[in-house]
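The next block holds one structure in the form of structure tokens; read it before the comments.
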Amino acid sequence: DGGITQSPKYLFRKEGQNVTLSCEQNLNHDAMYWYRQDPGQGLRLIYYSQIVNDFQKGDIAEGYSVSREKKESFPLTVTSAQKNPTAFYLCASSIAQHGELFFGEGSRLTVL
Amino acid sequence: AQSVSQHNHHVILSEAASLELGCNYSYGGTVNLFWYVQYPGQHLQLLLKYFSGDPLVKGIKGFEAEFIKSKFSFNLRKPSVQWSDTAEYFCAVTPSGGYNKLIFGAGTRLAVHP
């Protein structure tokens, strides 16, 4: 089955710890994205990547970092610099510009 | 900056009622428009999209949306909702000809009662 796999589904961390969320896709899509979903705010773009070894900041990149060493993988690190990291994180991919985004099931991060 | 506004945050309907969810965007150029749906416990999935052509687009599960350029609107409609339509609905926009960087609205939670 083709799709996007995010892990872990639930994650609890203490303040001050960095956390890495995994996103893997087997759809052979060039572009990958990370969004953050908060109640009442919809989805906000954190980072996106059009091709391997290249990525751009989205609207709320501060306190986050990404890498794109392989086409199928786009991990997101939530650093201790992120002031309000507790949220639901969604990874997505698309085949090309203007195409439909395919989403993973999300990772819910809670910082205690 | 581009933005998307969804007017209703929560909508409660009875089965068989008609549905219209409002979506307005702010962007002066040509856009591509989307509606996504998130059913409880499931991932976001595309309901329908508009790129060009007929401004009335039909999507899955009987949903349709109408693009009215003069009003910067892309409202979602369904003539008769079912309990299974209970979900959160997101409108999204991206400039045409640019990179696929979708801007989402805040979402509308729809609850359909039997």
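By convention here, the chains of the structure tokens are called A, B, ... in the order presented, each chain's residues are numbered starting at 1, and ligands are numbered starting at 1 in the order presented.
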Counting only C-alpha atoms, collect the residues of chain A whose closest atom lies at most 9 Å from chain B, and write them out as a compact mmCIF listing (two decimals) with N, CA and C atoms, in the first residue's frame.
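iface16.txt written:
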```txt
# COMPACT_ATOMS: atom_id res chain seq x y z
N ALA A 31 7.90 16.34 -3.67
CA ALA A 31 7.72 17.38 -2.66
C ALA A 31 7.18 16.81 -1.36
N TYR A 33 6.18 18.07 2.91
CA TYR A 33 5.80 19.23 3.73
C TYR A 33 5.62 18.81 5.18
N ASP A 38 -3.25 23.24 15.12
CA ASP A 38 -3.69 23.63 16.45
C ASP A 38 -5.19 23.92 16.40
N PRO A 39 -5.92 23.63 17.46
CA PRO A 39 -7.37 23.87 17.46
C PRO A 39 -7.69 25.32 17.13
N GLY A 40 -8.61 25.50 16.19
CA GLY A 40 -9.05 26.84 15.83
C GLY A 40 -8.09 27.62 14.94
N GLN A 41 -6.96 27.00 14.59
CA GLN A 41 -5.99 27.73 13.74
C GLN A 41 -5.72 27.03 12.42
N GLY A 42 -6.33 25.91 12.20
CA GLY A 42 -6.09 25.22 10.95
C GLY A 42 -4.69 24.64 10.87
N LEU A 43 -4.18 24.54 9.67
CA LEU A 43 -2.84 23.99 9.44
C LEU A 43 -1.90 25.12 9.06
N ARG A 44 -0.75 25.15 9.69
CA ARG A 44 0.26 26.17 9.37
C ARG A 44 1.53 25.47 8.90
N LEU A 45 2.11 25.99 7.83
CA LEU A 45 3.25 25.36 7.18
C LEU A 45 4.53 25.65 7.95
N TYR A 48 9.00 23.02 3.92
CA TYR A 48 8.67 22.19 2.78
C TYR A 48 9.92 21.95 1.94
N GLN A 50 11.16 20.62 -2.04
CA GLN A 50 10.77 20.27 -3.41
C GLN A 50 11.60 19.12 -3.95
N GLY A 58 8.67 27.55 6.00
CA GLY A 58 7.29 27.95 5.83
C GLY A 58 6.99 29.15 6.69
N LEU A 90 1.55 17.26 11.10
CA LEU A 90 1.14 16.53 9.91
C LEU A 90 2.21 16.63 8.82
N SER A 94 3.49 15.65 -2.27
CA SER A 94 2.76 15.87 -3.51
C SER A 94 3.66 15.52 -4.68
N ALA A 96 3.86 17.03 -7.67
CA ALA A 96 4.40 18.14 -8.45
C ALA A 96 3.77 19.42 -7.96
N GLN A 97 4.18 20.49 -8.53
CA GLN A 97 3.55 21.77 -8.21
C GLN A 97 2.06 21.70 -8.53
N HIS A 98 1.28 22.34 -7.73
CA HIS A 98 -0.18 22.47 -7.89
C HIS A 98 -0.92 21.17 -7.67
N GLY A 99 -0.22 20.14 -7.29
CA GLY A 99 -0.89 18.86 -7.14
C GLY A 99 -1.54 18.69 -5.79
N GLU A 100 -2.28 17.64 -5.67
CA GLU A 100 -2.95 17.31 -4.43
C GLU A 100 -1.93 16.92 -3.37
N LEU A 101 -2.15 17.35 -2.16
CA LEU A 101 -1.33 16.93 -1.03
C LEU A 101 -1.89 15.64 -0.45
N PHE A 102 -1.01 14.70 -0.17
CA PHE A 102 -1.39 13.47 0.51
C PHE A 102 -0.81 13.55 1.92
N PHE A 103 -1.66 13.31 2.91
CA PHE A 103 -1.25 13.50 4.29
C PHE A 103 -1.03 12.18 5.02
N GLY A 104 -0.12 12.22 5.99
CA GLY A 104 0.02 11.12 6.92
C GLY A 104 -1.02 11.23 8.02
N GLU A 105 -0.97 10.30 8.97
CA GLU A 105 -1.97 10.28 10.03
C GLU A 105 -1.62 11.21 11.18
N GLY A 106 -0.44 11.76 11.16
CA GLY A 106 -0.08 12.75 12.16
C GLY A 106 0.65 12.20 13.36
```
Can you tell me which residues surround Leu109 of chain A at a distance of at most 12 Å, considering only C-alpha atoms, apart from same-chain residues fewer than 5 positions away, and format the answer as a list of chain:residue names?
A:Ser7, A:Pro8, A:Lys9, A:Tyr10, A:Leu11, A:Phe12, A:Arg13, A:Lys14, A:Glu15, A:Asn18, A:Val19, A:Thr20, A:Leu21, A:Arg36, A:Gln37, A:Asp38, A:Leu76, A:Thr77, A:Val78, A:Asn84, A:Pro85, A:Thr86, A:Ala87, A:Phe88, A:Tyr89, A:Leu90
Atoms to include: N, CA, C and O atoms. Write the selected residues as an mmCIF file, in the first residue's frame.
```
data_model
loop_
_atom_site.group_PDB
_atom_site.id
_atom_site.type_symbol
_atom_site.label_atom_id
_atom_site.label_comp_id
_atom_site.auth_asym_id
_atom_site.auth_seq_id
_atom_site.Cartn_x
_atom_site.Cartn_y
_atom_site.Cartn_z
ATOM 1 N N SER A 7 5.750 8.619 12.370
ATOM 2 C CA SER A 7 5.954 7.989 13.670
ATOM 3 C C SER A 7 6.779 8.892 14.565
ATOM 4 O O SER A 7 7.590 9.688 14.082
ATOM 5 N N PRO A 8 6.566 8.792 15.881
ATOM 6 C CA PRO A 8 5.516 8.009 16.518
ATOM 7 C C PRO A 8 4.164 8.702 16.401
ATOM 8 O O PRO A 8 4.098 9.871 16.036
ATOM 9 N N LYS A 9 3.113 8.001 16.746
ATOM 10 C CA LYS A 9 1.786 8.595 16.683
ATOM 11 C C LYS A 9 1.561 9.528 17.878
ATOM 12 O O LYS A 9 0.919 10.570 17.761
ATOM 13 N N TYR A 10 2.080 9.118 19.025
ATOM 14 C CA TYR A 10 1.994 9.935 20.237
ATOM 15 C C TYR A 10 3.383 10.013 20.855
ATOM 16 O O TYR A 10 4.114 9.024 20.886
ATOM 17 N N LEU A 11 3.714 11.192 21.367
ATOM 18 C CA LEU A 11 5.033 11.398 21.933
ATOM 19 C C LEU A 11 4.940 12.380 23.089
ATOM 20 O O LEU A 11 4.329 13.449 22.956
ATOM 21 N N PHE A 12 5.543 12.000 24.198
ATOM 22 C CA PHE A 12 5.592 12.884 25.362
ATOM 23 C C PHE A 12 7.054 13.204 25.640
ATOM 24 O O PHE A 12 7.894 12.308 25.642
ATOM 25 N N ARG A 13 7.324 14.475 25.888
ATOM 26 C CA ARG A 13 8.706 14.878 26.171
ATOM 27 C C ARG A 13 8.716 15.946 27.248
ATOM 28 O O ARG A 13 7.736 16.658 27.456
ATOM 29 N N LYS A 14 9.839 16.054 27.894
ATOM 30 C CA LYS A 14 10.018 17.109 28.888
ATOM 31 C C LYS A 14 10.481 18.375 28.192
ATOM 32 O O LYS A 14 11.103 18.325 27.129
ATOM 33 N N GLU A 15 10.212 19.494 28.818
ATOM 34 C CA GLU A 15 10.690 20.773 28.284
ATOM 35 C C GLU A 15 12.202 20.753 28.156
ATOM 36 O O GLU A 15 12.903 20.191 28.998
ATOM 37 N N ASN A 18 15.050 18.061 22.669
ATOM 38 C CA ASN A 18 14.749 18.025 21.240
ATOM 39 C C ASN A 18 14.009 16.734 20.922
ATOM 40 O O ASN A 18 14.227 15.689 21.550
ATOM 41 N N VAL A 19 13.138 16.827 19.918
ATOM 42 C CA VAL A 19 12.337 15.674 19.512
ATOM 43 C C VAL A 19 12.359 15.586 17.991
ATOM 44 O O VAL A 19 12.224 16.606 17.318
ATOM 45 N N THR A 20 12.526 14.373 17.469
ATOM 46 C CA THR A 20 12.487 14.199 16.012
ATOM 47 C C THR A 20 11.296 13.345 15.622
ATOM 48 O O THR A 20 11.117 12.238 16.145
ATOM 49 N N LEU A 21 10.496 13.876 14.712
ATOM 50 C CA LEU A 21 9.332 13.163 14.182
ATOM 51 C C LEU A 21 9.684 12.626 12.799
ATOM 52 O O LEU A 21 10.235 13.348 11.962
ATOM 53 N N ARG A 36 1.714 22.139 11.059
ATOM 54 C CA ARG A 36 1.326 22.045 12.466
ATOM 55 C C ARG A 36 -0.158 22.393 12.543
ATOM 56 O O ARG A 36 -0.615 23.375 11.932
ATOM 57 N N GLN A 37 -0.912 21.564 13.281
ATOM 58 C CA GLN A 37 -2.346 21.788 13.420
ATOM 59 C C GLN A 37 -2.672 22.080 14.872
ATOM 60 O O GLN A 37 -2.383 21.265 15.757
ATOM 61 N N ASP A 38 -3.247 23.245 15.121
ATOM 62 C CA ASP A 38 -3.694 23.634 16.453
ATOM 63 C C ASP A 38 -5.190 23.917 16.397
ATOM 64 O O ASP A 38 -5.692 24.447 15.385
ATOM 65 N N LEU A 76 11.355 15.818 10.900
ATOM 66 C CA LEU A 76 11.216 17.135 11.523
ATOM 67 C C LEU A 76 11.732 17.075 12.954
ATOM 68 O O LEU A 76 11.319 16.201 13.719
ATOM 69 N N THR A 77 12.624 17.982 13.302
ATOM 70 C CA THR A 77 13.101 18.084 14.682
ATOM 71 C C THR A 77 12.478 19.305 15.347
ATOM 72 O O THR A 77 12.572 20.420 14.813
ATOM 73 N N VAL A 78 11.837 19.058 16.460
ATOM 74 C CA VAL A 78 11.274 20.143 17.263
ATOM 75 C C VAL A 78 12.313 20.451 18.328
ATOM 76 O O VAL A 78 12.587 19.616 19.203
ATOM 77 N N ASN A 84 6.267 26.813 21.992
ATOM 78 C CA ASN A 84 4.996 26.155 22.280
ATOM 79 C C ASN A 84 4.890 24.899 21.428
ATOM 80 O O ASN A 84 4.133 24.856 20.459
ATOM 81 N N PRO A 85 5.645 23.866 21.747
ATOM 82 C CA PRO A 85 5.746 22.714 20.852
ATOM 83 C C PRO A 85 4.587 21.729 20.920
ATOM 84 O O PRO A 85 4.441 20.913 20.008
ATOM 85 N N THR A 86 3.789 21.788 21.955
ATOM 86 C CA THR A 86 2.676 20.841 22.066
ATOM 87 C C THR A 86 1.687 21.099 20.944
ATOM 88 O O THR A 86 1.096 22.182 20.851
ATOM 89 N N ALA A 87 1.510 20.100 20.073
ATOM 90 C CA ALA A 87 0.642 20.282 18.898
ATOM 91 C C ALA A 87 0.513 18.955 18.173
ATOM 92 O O ALA A 87 1.161 17.964 18.511
ATOM 93 N N PHE A 88 -0.301 18.979 17.136
ATOM 94 C CA PHE A 88 -0.466 17.851 16.228
ATOM 95 C C PHE A 88 0.294 18.186 14.955
ATOM 96 O O PHE A 88 0.070 19.235 14.348
ATOM 97 N N TYR A 89 1.223 17.302 14.563
ATOM 98 C CA TYR A 89 2.095 17.572 13.414
ATOM 99 C C TYR A 89 1.724 16.649 12.257
ATOM 100 O O TYR A 89 1.620 15.433 12.413
ATOM 101 N N LEU A 90 1.547 17.261 11.104
ATOM 102 C CA LEU A 90 1.144 16.527 9.909
ATOM 103 C C LEU A 90 2.213 16.634 8.825
ATOM 104 O O LEU A 90 2.686 17.724 8.512
#
```
Among the residues of chain B, find those DSSP assigns to strand (DSSP E or B) from the backbone and print them as an MDAnalysis selection string.
chainID B and resid 3:5 10:14 19:21 24:26 31:38 45:50 56:58 64:68 73:78 87:95 103:104 108:113
Close residues, Leu19 of chain B itself excluded, 7 Å, only C-alpha atoms, min 2 positions apart in chain, as a list in words:
Ala17, Leu21, Arg77, Lys78, Pro79 and Val81 of chain B
Near Ala65 of chain B, counting only C-alpha atoms, which residues have an atom at most 8 Å away, once you skip same-chain residues fewer than 4 positions from it, shown as a list in words?
Leu48, Leu56, Val57, Lys58, Phe74, Asn75, Leu76 and Arg77 of chain B
Who sits within 8 Å of Leu27 of chain A, only C-alpha atoms, same chain under 2 positions skipped, as an NGL selection string
:A and (2-4 or 25 or 29)
